[in-house]
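Student: Encoded as structure tokens, here's the structure I'll be asking about.
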Amino acid sequence: MQQTASRPLLSDAGLSPVHPATVRDENGATREVSIAGEHPLTLYVDKREVVTLMTLGTHPEALVLGFLRNQALIEELAELVSVQVDWEVEAAAVTTRDGRDDWDAKLEKRTVTSGCGQGTQFGNLMQRIESIDLPKVPVRQSLLYELLGILSKENAIYKAAGAVHACALCRGTEVLYFVEDVGRHNALDAIAGQMWLDGVDGGDCILYTTGRVTSEMVIKATQMGVPILLSRSGMTHMGLELGRKVDMLLVARAKGRHFLVFHGAERIDFDAAPAA
């Protein structure tokens, strides 16, 4: 893209938003579906690392510009020389005109928001979870149906006000913890903290979320030692890749008597397949 006096030089590195995946449905049948992409993009400004964003990857240059603007890290577009995205190294390099010297002060006050797009220290966490060996816990299809019915009655805040996600830690059909918050990451972190306080081991538990299964959700569940992740929403590509790497049982789009098993279907006893 051509550069102008007020517009930085931008790469054109948008990615495909969806990826194919093979799943097994509630009837035990194999199906091909599409899942959303998810990619870590580490932002550097004048060679200084700022944050790692998890993104669909379709408009990475606009994402970087919007982040810099909304975080008040850059005030005017004319301050920027270029934004160059390279997916081979999963990085976005931003160059400013004057080589800003106030970044330490700016980044010291940065707040990570509670929304769905919060940044993460992706590399460090990846090294940590690769050493975790999750137990291979079997589960009955009929138990999943019963548990979904129980959980559907729990979301009091969502029913009253909407605008929240929920997470739950369950042992069988017993709901040990149920937390609602404005972001699924917050709800999950609250459960992890309570598990820590109460000395609860997650090795025989199911972690439920109303939000989509992203890489961050898989990483957090792995650190909590939970081998089964059940979601009412969908699955991202990187969430699936990481789930496969740690061999977690991944069940998504679970609502009523419908669900899709993205990984670990051999650990499900299809004892209650709906009639065709």
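In the structure tokens, chains take letters A, B, ... by order of appearance, with residues numbered from 1 within each chain and ligands from 1 in the order shown.
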Quick one: everything within 10 Å of A:Asp247, counting only C-alpha atoms, minus sequence neighbours fewer than 3 positions away in the same chain. Send it as a ChimeraX atom specification.
Tutor: /A:133-136,222,227-228,240-244,250,263-264
Student: Could you give me, as JSON lines, every stretch 47-107 of chain A residue with an atom at most 7 Å from stretch 17-24 of chain A, plus its closest atom pair and distance in Å to one decimal, counting only C-alpha atoms, rows ordered by chain then number?
Tutor:
```
{"residue": "A:Leu56", "atom": "CA", "partner": "A:Pro17", "partner_atom": "CA", "distance": 6.0}
{"residue": "A:Gly57", "atom": "CA", "partner": "A:Pro17", "partner_atom": "CA", "distance": 6.9}
{"residue": "A:Thr58", "atom": "CA", "partner": "A:Pro17", "partner_atom": "CA", "distance": 6.0}
```
Student: Would you mind exporting the chosen residues as a PDB file, in the first residue's frame, restricted to N, CA and C atoms?
Tutor:
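The result, stored in again20.pdb:
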```pdb
ATOM      1  N   LEU A  56      -8.374 -12.974  15.221  1.00  0.00           N
ATOM      2  CA  LEU A  56      -8.820 -13.749  14.078  1.00  0.00           C
ATOM      3  C   LEU A  56      -7.825 -13.619  12.933  1.00  0.00           C
ATOM      4  N   GLY A  57      -7.173 -12.467  12.842  1.00  0.00           N
ATOM      5  CA  GLY A  57      -6.119 -12.268  11.858  1.00  0.00           C
ATOM      6  C   GLY A  57      -6.573 -11.712  10.528  1.00  0.00           C
ATOM      7  N   THR A  58      -7.829 -11.316  10.410  1.00  0.00           N
ATOM      8  CA  THR A  58      -8.325 -10.856   9.112  1.00  0.00           C
ATOM      9  C   THR A  58      -7.907  -9.421   8.783  1.00  0.00           C
TER      10      THR A  58
END
```
Student: Give me, as a PyMOL selection string, the residues of stretch 42-271 of chain A that a backbone DSSP run labels strand (DSSP E or B).
Tutor: chain A and resi 42-45+48-55+80-86+91-96+139-140+165-171+174-181+206-209+213+228-231+235-236+249-255+258-263+268-269
Student: Can you work out which one of A:Thr210, A:Gln141, A:Ser6, A:Ser131 has the shortest atom-to-atom distance to A:Ala265, counting only C-alpha atoms?
Tutor: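 So, comparing all the options, the nearest one is A:Gln141.
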Student: Using only C-alpha atoms, which of A:Ala187, A:Val94, A:Ile132, A:Ala72 sits nearest A:Tyr208?
Tutor: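 Selected residue with least distance to A:Tyr208: A:Ala187.
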Student: Can you tell me, as number ranges by chain, what residues are no more than 12 Å from A:Gln223 when counting only C-alpha atoms, ignoring any on the same chain fewer than 5 positions away?
Tutor: A: 125-134, 188-189, 192-193, 195-196, 201-203, 216-218, 246, 248
Student: Could those residues be written to a file, using N, CA and C atoms, as a tab-separated table (two decimals), in the first residue's frame?
Tutor:
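The resulting out.tsv:
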```tsv
chain	number	residue	atom	x	y	z
A	125	LEU	N	3.55	-19.09	28.81
A	125	LEU	CA	2.52	-20.03	29.22
A	125	LEU	C	2.58	-21.31	28.40
A	126	MET	N	2.93	-21.20	27.13
A	126	MET	CA	3.04	-22.40	26.30
A	126	MET	C	4.10	-23.34	26.84
A	127	GLN	N	5.25	-22.81	27.24
A	127	GLN	CA	6.31	-23.64	27.80
A	127	GLN	C	5.83	-24.34	29.07
A	128	ARG	N	5.01	-23.66	29.85
A	128	ARG	CA	4.53	-24.21	31.11
A	128	ARG	C	3.55	-25.37	30.88
A	129	ILE	N	2.57	-25.17	29.99
A	129	ILE	CA	1.53	-26.20	29.85
A	129	ILE	C	2.04	-27.44	29.14
A	130	GLU	N	3.09	-27.32	28.33
A	130	GLU	CA	3.60	-28.48	27.61
A	130	GLU	C	4.15	-29.55	28.57
A	131	SER	N	4.44	-29.16	29.81
A	131	SER	CA	4.96	-30.11	30.79
A	131	SER	C	3.85	-30.73	31.64
A	132	ILE	N	2.59	-30.31	31.43
A	132	ILE	CA	1.48	-30.81	32.23
A	132	ILE	C	0.85	-32.03	31.55
A	133	ASP	N	0.67	-33.10	32.31
A	133	ASP	CA	0.08	-34.34	31.80
A	133	ASP	C	-1.34	-34.46	32.36
A	134	LEU	N	-2.33	-34.17	31.54
A	134	LEU	CA	-3.72	-34.24	32.00
A	134	LEU	C	-4.20	-35.69	32.05
A	188	LEU	N	-13.29	-17.56	34.73
A	188	LEU	CA	-12.42	-18.73	34.86
A	188	LEU	C	-11.32	-18.50	35.89
A	189	ASP	N	-10.74	-17.31	35.88
A	189	ASP	CA	-9.69	-16.99	36.86
A	189	ASP	C	-10.25	-17.03	38.29
A	192	ALA	N	-10.40	-20.60	39.32
A	192	ALA	CA	-9.04	-21.10	39.59
A	192	ALA	C	-8.55	-20.63	40.95
A	193	GLY	N	-8.83	-19.37	41.28
A	193	GLY	CA	-8.41	-18.85	42.58
A	193	GLY	C	-9.12	-19.55	43.73
A	195	MET	N	-10.40	-22.60	43.65
A	195	MET	CA	-9.84	-23.95	43.73
A	195	MET	C	-8.55	-23.94	44.53
A	196	TRP	N	-7.72	-22.96	44.29
A	196	TRP	CA	-6.43	-22.84	44.98
A	196	TRP	C	-6.66	-22.66	46.47
A	201	ASP	N	-8.64	-30.31	43.60
A	201	ASP	CA	-7.92	-30.85	42.44
A	201	ASP	C	-8.91	-30.98	41.28
A	202	GLY	N	-8.49	-30.52	40.09
A	202	GLY	CA	-9.39	-30.54	38.93
A	202	GLY	C	-9.29	-31.78	38.08
A	203	GLY	N	-8.52	-32.77	38.50
A	203	GLY	CA	-8.22	-33.91	37.65
A	203	GLY	C	-9.41	-34.78	37.28
A	216	GLU	N	-6.37	-19.21	25.07
A	216	GLU	CA	-6.25	-18.78	26.47
A	216	GLU	C	-7.09	-19.64	27.40
A	217	MET	N	-8.28	-20.01	26.96
A	217	MET	CA	-9.14	-20.85	27.79
A	217	MET	C	-8.52	-22.24	27.97
A	218	VAL	N	-7.95	-22.79	26.91
A	218	VAL	CA	-7.30	-24.10	27.01
A	218	VAL	C	-6.09	-24.02	27.93
A	246	VAL	N	-2.27	-30.83	24.37
A	246	VAL	CA	-2.32	-31.28	25.77
A	246	VAL	C	-3.27	-32.45	25.94
A	248	MET	N	-6.62	-32.68	25.66
A	248	MET	CA	-7.80	-32.36	26.45
A	248	MET	C	-9.06	-32.76	25.69
```
Student: I need the residue nearest A:Leu249 from this list: A:Leu151, A:Ala62, A:Val33, A:Val226. Use only C-alpha atoms for the distance.
Tutor: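 Residue with the minimum atom-to-atom distance to A:Leu249: A:Val226.
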Student: May I have the residues within 7 Å of A:Ala254 as a list in words, using only C-alpha atoms and disregarding those fewer than 6 positions away in the same chain?
Tutor: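 My reading of the contact set: Ser231, Arg232 and Leu260 of chain A.
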Student: Under the rule that only C-alpha atoms are counted, which of A:Pro60, A:Gly37, A:Ala29, A:Pro274 is the nearest residue to A:Val213?
Tutor: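 Selected residue with least distance to A:Val213: A:Gly37.
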Student: Between A:Val139, A:Ile206, A:Ala91, A:Leu41, which one has atoms that come closest to A:Ala272, using only C-alpha atoms?
Tutor: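 Of all the options, A:Val139 lies closest to A:Ala272.
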Student: If we count only C-alpha atoms, what is near A:Ala166 at a cut-off of 10 Å, once residues fewer than 6 positions away on the same chain are taken out, given as a PyMOL selection string?
Tutor: chain A and resi 151+154-158+178-188+208-211
Student: Could you give me the residues within stretch 37-256 of chain A that DSSP places in helix (DSSP H, G or I), as a PDB file with N, CA and C atoms, in the first residue's frame?
Tutor:
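See out-v4.pdb below for the written result:
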```pdb
ATOM      1  N   PRO A  60      -5.157  -7.381  10.556  1.00  0.00           N
ATOM      2  CA  PRO A  60      -4.169  -7.163  11.620  1.00  0.00           C
ATOM      3  C   PRO A  60      -3.629  -5.741  11.682  1.00  0.00           C
ATOM      4  N   GLU A  61      -3.471  -5.093  10.537  1.00  0.00           N
ATOM      5  CA  GLU A  61      -2.943  -3.730  10.560  1.00  0.00           C
ATOM      6  C   GLU A  61      -3.929  -2.775  11.233  1.00  0.00           C
ATOM      7  N   ALA A  62      -5.217  -2.930  10.896  1.00  0.00           N
ATOM      8  CA  ALA A  62      -6.231  -2.090  11.534  1.00  0.00           C
ATOM      9  C   ALA A  62      -6.325  -2.378  13.027  1.00  0.00           C
ATOM     10  N   LEU A  63      -6.177  -3.655  13.402  1.00  0.00           N
ATOM     11  CA  LEU A  63      -6.195  -4.030  14.816  1.00  0.00           C
ATOM     12  C   LEU A  63      -5.078  -3.318  15.570  1.00  0.00           C
ATOM     13  N   VAL A  64      -3.882  -3.328  15.011  1.00  0.00           N
ATOM     14  CA  VAL A  64      -2.735  -2.688  15.658  1.00  0.00           C
ATOM     15  C   VAL A  64      -2.974  -1.191  15.808  1.00  0.00           C
ATOM     16  N   LEU A  65      -3.451  -0.564  14.745  1.00  0.00           N
ATOM     17  CA  LEU A  65      -3.708   0.875  14.805  1.00  0.00           C
ATOM     18  C   LEU A  65      -4.781   1.202  15.835  1.00  0.00           C
ATOM     19  N   GLY A  66      -5.847   0.397  15.843  1.00  0.00           N
ATOM     20  CA  GLY A  66      -6.920   0.636  16.807  1.00  0.00           C
ATOM     21  C   GLY A  66      -6.461   0.456  18.240  1.00  0.00           C
ATOM     22  N   PHE A  67      -5.626  -0.571  18.483  1.00  0.00           N
ATOM     23  CA  PHE A  67      -5.105  -0.785  19.835  1.00  0.00           C
ATOM     24  C   PHE A  67      -4.269   0.414  20.280  1.00  0.00           C
ATOM     25  N   LEU A  68      -3.381   0.883  19.416  1.00  0.00           N
ATOM     26  CA  LEU A  68      -2.524   2.016  19.768  1.00  0.00           C
ATOM     27  C   LEU A  68      -3.343   3.275  20.035  1.00  0.00           C
ATOM     28  N   ARG A  69      -4.392   3.446  19.237  1.00  0.00           N
ATOM     29  CA  ARG A  69      -5.231   4.630  19.419  1.00  0.00           C
ATOM     30  C   ARG A  69      -6.068   4.519  20.694  1.00  0.00           C
ATOM     31  N   ASN A  70      -6.738   3.381  20.894  1.00  0.00           N
ATOM     32  CA  ASN A  70      -7.632   3.228  22.038  1.00  0.00           C
ATOM     33  C   ASN A  70      -6.896   3.183  23.374  1.00  0.00           C
ATOM     34  N   LEU A  77      -2.146   9.777  13.715  1.00  0.00           N
ATOM     35  CA  LEU A  77      -1.703   8.827  12.703  1.00  0.00           C
ATOM     36  C   LEU A  77      -0.394   9.263  12.058  1.00  0.00           C
ATOM     37  N   ALA A  78      -0.202  10.568  11.968  1.00  0.00           N
ATOM     38  CA  ALA A  78       1.009  11.093  11.344  1.00  0.00           C
ATOM     39  C   ALA A  78       2.271  10.767  12.131  1.00  0.00           C
ATOM     40  N   GLU A  79       2.124  10.323  13.357  1.00  0.00           N
ATOM     41  CA  GLU A  79       3.296   9.941  14.155  1.00  0.00           C
ATOM     42  C   GLU A  79       3.916   8.637  13.671  1.00  0.00           C
ATOM     43  N   TRP A 103       7.929   5.519  26.301  1.00  0.00           N
ATOM     44  CA  TRP A 103       7.186   4.262  26.333  1.00  0.00           C
ATOM     45  C   TRP A 103       7.205   3.599  27.700  1.00  0.00           C
ATOM     46  N   ASP A 104       8.289   3.747  28.444  1.00  0.00           N
ATOM     47  CA  ASP A 104       8.331   3.142  29.778  1.00  0.00           C
ATOM     48  C   ASP A 104       7.201   3.684  30.652  1.00  0.00           C
ATOM     49  N   ALA A 105       7.003   4.979  30.617  1.00  0.00           N
ATOM     50  CA  ALA A 105       5.952   5.606  31.420  1.00  0.00           C
ATOM     51  C   ALA A 105       4.579   5.183  30.924  1.00  0.00           C
ATOM     52  N   LYS A 106       4.398   5.102  29.604  1.00  0.00           N
ATOM     53  CA  LYS A 106       3.106   4.722  29.050  1.00  0.00           C
ATOM     54  C   LYS A 106       2.759   3.280  29.408  1.00  0.00           C
ATOM     55  N   LEU A 107       3.706   2.370  29.231  1.00  0.00           N
ATOM     56  CA  LEU A 107       3.428   0.951  29.445  1.00  0.00           C
ATOM     57  C   LEU A 107       3.303   0.605  30.914  1.00  0.00           C
ATOM     58  N   GLU A 108       3.934   1.385  31.782  1.00  0.00           N
ATOM     59  CA  GLU A 108       3.856   1.125  33.219  1.00  0.00           C
ATOM     60  C   GLU A 108       2.434   1.256  33.723  1.00  0.00           C
ATOM     61  N   PHE A 122       1.893 -15.221  25.822  1.00  0.00           N
ATOM     62  CA  PHE A 122       1.631 -16.505  25.181  1.00  0.00           C
ATOM     63  C   PHE A 122       2.818 -17.456  25.278  1.00  0.00           C
ATOM     64  N   GLY A 123       4.033 -16.999  24.927  1.00  0.00           N
ATOM     65  CA  GLY A 123       5.186 -17.888  24.879  1.00  0.00           C
ATOM     66  C   GLY A 123       5.498 -18.537  26.213  1.00  0.00           C
ATOM     67  N   ASN A 124       5.523 -17.761  27.296  1.00  0.00           N
ATOM     68  CA  ASN A 124       5.845 -18.299  28.611  1.00  0.00           C
ATOM     69  C   ASN A 124       4.826 -19.349  29.055  1.00  0.00           C
ATOM     70  N   LEU A 125       3.546 -19.086  28.812  1.00  0.00           N
ATOM     71  CA  LEU A 125       2.515 -20.031  29.219  1.00  0.00           C
ATOM     72  C   LEU A 125       2.583 -21.310  28.398  1.00  0.00           C
ATOM     73  N   MET A 126       2.929 -21.202  27.130  1.00  0.00           N
ATOM     74  CA  MET A 126       3.040 -22.397  26.297  1.00  0.00           C
ATOM     75  C   MET A 126       4.098 -23.343  26.843  1.00  0.00           C
ATOM     76  N   GLN A 127       5.249 -22.811  27.244  1.00  0.00           N
ATOM     77  CA  GLN A 127       6.306 -23.643  27.804  1.00  0.00           C
ATOM     78  C   GLN A 127       5.832 -24.342  29.068  1.00  0.00           C
ATOM     79  N   ARG A 128       5.006 -23.658  29.848  1.00  0.00           N
ATOM     80  CA  ARG A 128       4.528 -24.215  31.109  1.00  0.00           C
ATOM     81  C   ARG A 128       3.555 -25.369  30.880  1.00  0.00           C
ATOM     82  N   ILE A 129       2.571 -25.173  29.989  1.00  0.00           N
ATOM     83  CA  ILE A 129       1.535 -26.196  29.853  1.00  0.00           C
ATOM     84  C   ILE A 129       2.036 -27.441  29.137  1.00  0.00           C
ATOM     85  N   GLN A 141     -22.233 -39.631  27.580  1.00  0.00           N
ATOM     86  CA  GLN A 141     -23.055 -38.658  26.885  1.00  0.00           C
ATOM     87  C   GLN A 141     -24.263 -38.264  27.728  1.00  0.00           C
ATOM     88  N   SER A 142     -24.891 -39.223  28.378  1.00  0.00           N
ATOM     89  CA  SER A 142     -26.059 -38.939  29.209  1.00  0.00           C
ATOM     90  C   SER A 142     -25.707 -38.008  30.362  1.00  0.00           C
ATOM     91  N   LEU A 143     -24.483 -38.130  30.910  1.00  0.00           N
ATOM     92  CA  LEU A 143     -24.056 -37.226  31.974  1.00  0.00           C
ATOM     93  C   LEU A 143     -23.918 -35.810  31.448  1.00  0.00           C
ATOM     94  N   LEU A 144     -23.371 -35.655  30.238  1.00  0.00           N
ATOM     95  CA  LEU A 144     -23.245 -34.316  29.651  1.00  0.00           C
ATOM     96  C   LEU A 144     -24.613 -33.674  29.489  1.00  0.00           C
ATOM     97  N   TYR A 145     -25.595 -34.439  29.018  1.00  0.00           N
ATOM     98  CA  TYR A 145     -26.948 -33.903  28.862  1.00  0.00           C
ATOM     99  C   TYR A 145     -27.518 -33.463  30.213  1.00  0.00           C
ATOM    100  N   GLU A 146     -27.335 -34.293  31.225  1.00  0.00           N
ATOM    101  CA  GLU A 146     -27.856 -33.960  32.555  1.00  0.00           C
ATOM    102  C   GLU A 146     -27.171 -32.712  33.104  1.00  0.00           C
ATOM    103  N   LEU A 147     -25.867 -32.636  32.912  1.00  0.00           N
ATOM    104  CA  LEU A 147     -25.112 -31.490  33.407  1.00  0.00           C
ATOM    105  C   LEU A 147     -25.527 -30.203  32.694  1.00  0.00           C
ATOM    106  N   LEU A 148     -25.724 -30.254  31.387  1.00  0.00           N
ATOM    107  CA  LEU A 148     -26.157 -29.068  30.645  1.00  0.00           C
ATOM    108  C   LEU A 148     -27.511 -28.579  31.143  1.00  0.00           C
ATOM    109  N   GLY A 149     -28.391 -29.511  31.467  1.00  0.00           N
ATOM    110  CA  GLY A 149     -29.688 -29.129  32.011  1.00  0.00           C
ATOM    111  C   GLY A 149     -29.566 -28.430  33.349  1.00  0.00           C
ATOM    112  N   ILE A 150     -28.686 -28.929  34.201  1.00  0.00           N
ATOM    113  CA  ILE A 150     -28.462 -28.315  35.518  1.00  0.00           C
ATOM    114  C   ILE A 150     -27.864 -26.923  35.369  1.00  0.00           C
ATOM    115  N   LEU A 151     -26.865 -26.789  34.496  1.00  0.00           N
ATOM    116  CA  LEU A 151     -26.162 -25.518  34.332  1.00  0.00           C
ATOM    117  C   LEU A 151     -27.052 -24.450  33.720  1.00  0.00           C
ATOM    118  N   ALA A 156     -28.033 -16.726  36.792  1.00  0.00           N
ATOM    119  CA  ALA A 156     -28.982 -15.732  37.309  1.00  0.00           C
ATOM    120  C   ALA A 156     -28.678 -14.326  36.795  1.00  0.00           C
ATOM    121  N   ILE A 157     -27.401 -13.958  36.773  1.00  0.00           N
ATOM    122  CA  ILE A 157     -27.036 -12.597  36.346  1.00  0.00           C
ATOM    123  C   ILE A 157     -27.350 -12.398  34.872  1.00  0.00           C
ATOM    124  N   TYR A 158     -27.033 -13.414  34.057  1.00  0.00           N
ATOM    125  CA  TYR A 158     -27.302 -13.310  32.623  1.00  0.00           C
ATOM    126  C   TYR A 158     -28.801 -13.166  32.368  1.00  0.00           C
ATOM    127  N   LYS A 159     -29.607 -13.944  33.083  1.00  0.00           N
ATOM    128  CA  LYS A 159     -31.057 -13.873  32.903  1.00  0.00           C
ATOM    129  C   LYS A 159     -31.608 -12.512  33.316  1.00  0.00           C
ATOM    130  N   ALA A 160     -30.987 -11.899  34.332  1.00  0.00           N
ATOM    131  CA  ALA A 160     -31.486 -10.618  34.830  1.00  0.00           C
ATOM    132  C   ALA A 160     -30.980  -9.436  34.013  1.00  0.00           C
ATOM    133  N   ALA A 161     -29.737  -9.511  33.546  1.00  0.00           N
ATOM    134  CA  ALA A 161     -29.128  -8.334  32.928  1.00  0.00           C
ATOM    135  C   ALA A 161     -28.425  -8.595  31.614  1.00  0.00           C
ATOM    136  N   ARG A 184     -15.252 -14.102  30.055  1.00  0.00           N
ATOM    137  CA  ARG A 184     -15.092 -15.506  30.451  1.00  0.00           C
ATOM    138  C   ARG A 184     -13.746 -15.743  31.121  1.00  0.00           C
ATOM    139  N   HIS A 185     -12.718 -14.947  30.747  1.00  0.00           N
ATOM    140  CA  HIS A 185     -11.415 -15.103  31.388  1.00  0.00           C
ATOM    141  C   HIS A 185     -11.495 -14.762  32.868  1.00  0.00           C
ATOM    142  N   ASN A 186     -12.240 -13.702  33.188  1.00  0.00           N
ATOM    143  CA  ASN A 186     -12.398 -13.311  34.594  1.00  0.00           C
ATOM    144  C   ASN A 186     -13.113 -14.396  35.389  1.00  0.00           C
ATOM    145  N   ALA A 187     -14.194 -14.935  34.805  1.00  0.00           N
ATOM    146  CA  ALA A 187     -14.947 -15.979  35.500  1.00  0.00           C
ATOM    147  C   ALA A 187     -14.077 -17.206  35.735  1.00  0.00           C
ATOM    148  N   LEU A 188     -13.291 -17.563  34.730  1.00  0.00           N
ATOM    149  CA  LEU A 188     -12.421 -18.731  34.862  1.00  0.00           C
ATOM    150  C   LEU A 188     -11.323 -18.497  35.890  1.00  0.00           C
ATOM    151  N   ASP A 189     -10.739 -17.309  35.882  1.00  0.00           N
ATOM    152  CA  ASP A 189      -9.693 -16.991  36.860  1.00  0.00           C
ATOM    153  C   ASP A 189     -10.250 -17.032  38.287  1.00  0.00           C
ATOM    154  N   ALA A 190     -11.485 -16.577  38.467  1.00  0.00           N
ATOM    155  CA  ALA A 190     -12.093 -16.598  39.800  1.00  0.00           C
ATOM    156  C   ALA A 190     -12.248 -18.033  40.294  1.00  0.00           C
ATOM    157  N   ILE A 191     -12.640 -18.935  39.394  1.00  0.00           N
ATOM    158  CA  ILE A 191     -12.761 -20.343  39.781  1.00  0.00           C
ATOM    159  C   ILE A 191     -11.397 -20.923  40.122  1.00  0.00           C
ATOM    160  N   ALA A 192     -10.399 -20.597  39.318  1.00  0.00           N
ATOM    161  CA  ALA A 192      -9.045 -21.097  39.586  1.00  0.00           C
ATOM    162  C   ALA A 192      -8.547 -20.632  40.948  1.00  0.00           C
ATOM    163  N   GLY A 193      -8.831 -19.373  41.283  1.00  0.00           N
ATOM    164  CA  GLY A 193      -8.410 -18.850  42.582  1.00  0.00           C
ATOM    165  C   GLY A 193      -9.118 -19.545  43.728  1.00  0.00           C
ATOM    166  N   GLN A 194     -10.413 -19.814  43.570  1.00  0.00           N
ATOM    167  CA  GLN A 194     -11.156 -20.489  44.625  1.00  0.00           C
ATOM    168  C   GLN A 194     -10.695 -21.931  44.782  1.00  0.00           C
ATOM    169  N   MET A 195     -10.397 -22.597  43.655  1.00  0.00           N
ATOM    170  CA  MET A 195      -9.839 -23.951  43.728  1.00  0.00           C
ATOM    171  C   MET A 195      -8.546 -23.945  44.533  1.00  0.00           C
ATOM    172  N   TRP A 196      -7.716 -22.958  44.285  1.00  0.00           N
ATOM    173  CA  TRP A 196      -6.430 -22.840  44.977  1.00  0.00           C
ATOM    174  C   TRP A 196      -6.661 -22.662  46.473  1.00  0.00           C
ATOM    175  N   LEU A 197      -7.588 -21.761  46.818  1.00  0.00           N
ATOM    176  CA  LEU A 197      -7.880 -21.514  48.228  1.00  0.00           C
ATOM    177  C   LEU A 197      -8.441 -22.750  48.916  1.00  0.00           C
ATOM    178  N   ASP A 198      -9.292 -23.505  48.211  1.00  0.00           N
ATOM    179  CA  ASP A 198      -9.973 -24.649  48.810  1.00  0.00           C
ATOM    180  C   ASP A 198      -9.210 -25.958  48.656  1.00  0.00           C
ATOM    181  N   SER A 215      -7.375 -20.282  22.693  1.00  0.00           N
ATOM    182  CA  SER A 215      -6.117 -20.806  23.241  1.00  0.00           C
ATOM    183  C   SER A 215      -5.967 -20.429  24.711  1.00  0.00           C
ATOM    184  N   GLU A 216      -6.373 -19.207  25.075  1.00  0.00           N
ATOM    185  CA  GLU A 216      -6.245 -18.780  26.468  1.00  0.00           C
ATOM    186  C   GLU A 216      -7.088 -19.637  27.401  1.00  0.00           C
ATOM    187  N   MET A 217      -8.281 -20.015  26.955  1.00  0.00           N
ATOM    188  CA  MET A 217      -9.136 -20.852  27.786  1.00  0.00           C
ATOM    189  C   MET A 217      -8.524 -22.242  27.969  1.00  0.00           C
ATOM    190  N   VAL A 218      -7.949 -22.794  26.908  1.00  0.00           N
ATOM    191  CA  VAL A 218      -7.295 -24.101  27.013  1.00  0.00           C
ATOM    192  C   VAL A 218      -6.085 -24.020  27.925  1.00  0.00           C
ATOM    193  N   ILE A 219      -5.300 -22.953  27.791  1.00  0.00           N
ATOM    194  CA  ILE A 219      -4.117 -22.771  28.639  1.00  0.00           C
ATOM    195  C   ILE A 219      -4.525 -22.693  30.113  1.00  0.00           C
ATOM    196  N   LYS A 220      -5.542 -21.898  30.413  1.00  0.00           N
ATOM    197  CA  LYS A 220      -5.979 -21.741  31.800  1.00  0.00           C
ATOM    198  C   LYS A 220      -6.520 -23.057  32.355  1.00  0.00           C
ATOM    199  N   ALA A 221      -7.336 -23.762  31.559  1.00  0.00           N
ATOM    200  CA  ALA A 221      -7.894 -25.037  32.013  1.00  0.00           C
ATOM    201  C   ALA A 221      -6.790 -26.053  32.265  1.00  0.00           C
ATOM    202  N   THR A 222      -5.775 -26.052  31.408  1.00  0.00           N
ATOM    203  CA  THR A 222      -4.644 -26.976  31.582  1.00  0.00           C
ATOM    204  C   THR A 222      -3.900 -26.671  32.869  1.00  0.00           C
ATOM    205  N   GLN A 223      -3.659 -25.403  33.142  1.00  0.00           N
ATOM    206  CA  GLN A 223      -2.966 -25.024  34.373  1.00  0.00           C
ATOM    207  C   GLN A 223      -3.787 -25.392  35.606  1.00  0.00           C
ATOM    208  N   HIS A 237      -9.401 -22.008  16.023  1.00  0.00           N
ATOM    209  CA  HIS A 237      -8.397 -22.904  15.458  1.00  0.00           C
ATOM    210  C   HIS A 237      -7.257 -23.155  16.434  1.00  0.00           C
ATOM    211  N   MET A 238      -6.756 -22.087  17.072  1.00  0.00           N
ATOM    212  CA  MET A 238      -5.642 -22.268  17.997  1.00  0.00           C
ATOM    213  C   MET A 238      -6.088 -22.958  19.282  1.00  0.00           C
ATOM    214  N   GLY A 239      -7.326 -22.713  19.693  1.00  0.00           N
ATOM    215  CA  GLY A 239      -7.849 -23.445  20.839  1.00  0.00           C
ATOM    216  C   GLY A 239      -7.839 -24.934  20.575  1.00  0.00           C
ATOM    217  N   LEU A 240      -8.226 -25.335  19.363  1.00  0.00           N
ATOM    218  CA  LEU A 240      -8.228 -26.752  19.004  1.00  0.00           C
ATOM    219  C   LEU A 240      -6.811 -27.302  18.937  1.00  0.00           C
ATOM    220  N   GLU A 241      -5.897 -26.550  18.333  1.00  0.00           N
ATOM    221  CA  GLU A 241      -4.517 -27.020  18.220  1.00  0.00           C
ATOM    222  C   GLU A 241      -3.879 -27.242  19.590  1.00  0.00           C
ATOM    223  N   LEU A 242      -4.097 -26.307  20.508  1.00  0.00           N
ATOM    224  CA  LEU A 242      -3.529 -26.454  21.850  1.00  0.00           C
ATOM    225  C   LEU A 242      -4.221 -27.576  22.615  1.00  0.00           C
ATOM    226  N   GLY A 243      -5.547 -27.690  22.429  1.00  0.00           N
ATOM    227  CA  GLY A 243      -6.270 -28.783  23.077  1.00  0.00           C
ATOM    228  C   GLY A 243      -5.753 -30.139  22.640  1.00  0.00           C
ATOM    229  N   ARG A 244      -5.437 -30.262  21.353  1.00  0.00           N
ATOM    230  CA  ARG A 244      -4.840 -31.503  20.852  1.00  0.00           C
ATOM    231  C   ARG A 244      -3.466 -31.737  21.467  1.00  0.00           C
ATOM    232  N   LYS A 245      -2.704 -30.664  21.599  1.00  0.00           N
ATOM    233  CA  LYS A 245      -1.338 -30.794  22.116  1.00  0.00           C
ATOM    234  C   LYS A 245      -1.333 -31.308  23.555  1.00  0.00           C
ATOM    235  N   VAL A 246      -2.272 -30.834  24.369  1.00  0.00           N
ATOM    236  CA  VAL A 246      -2.323 -31.276  25.772  1.00  0.00           C
ATOM    237  C   VAL A 246      -3.274 -32.448  25.942  1.00  0.00           C
TER     238      VAL A 246
END
```
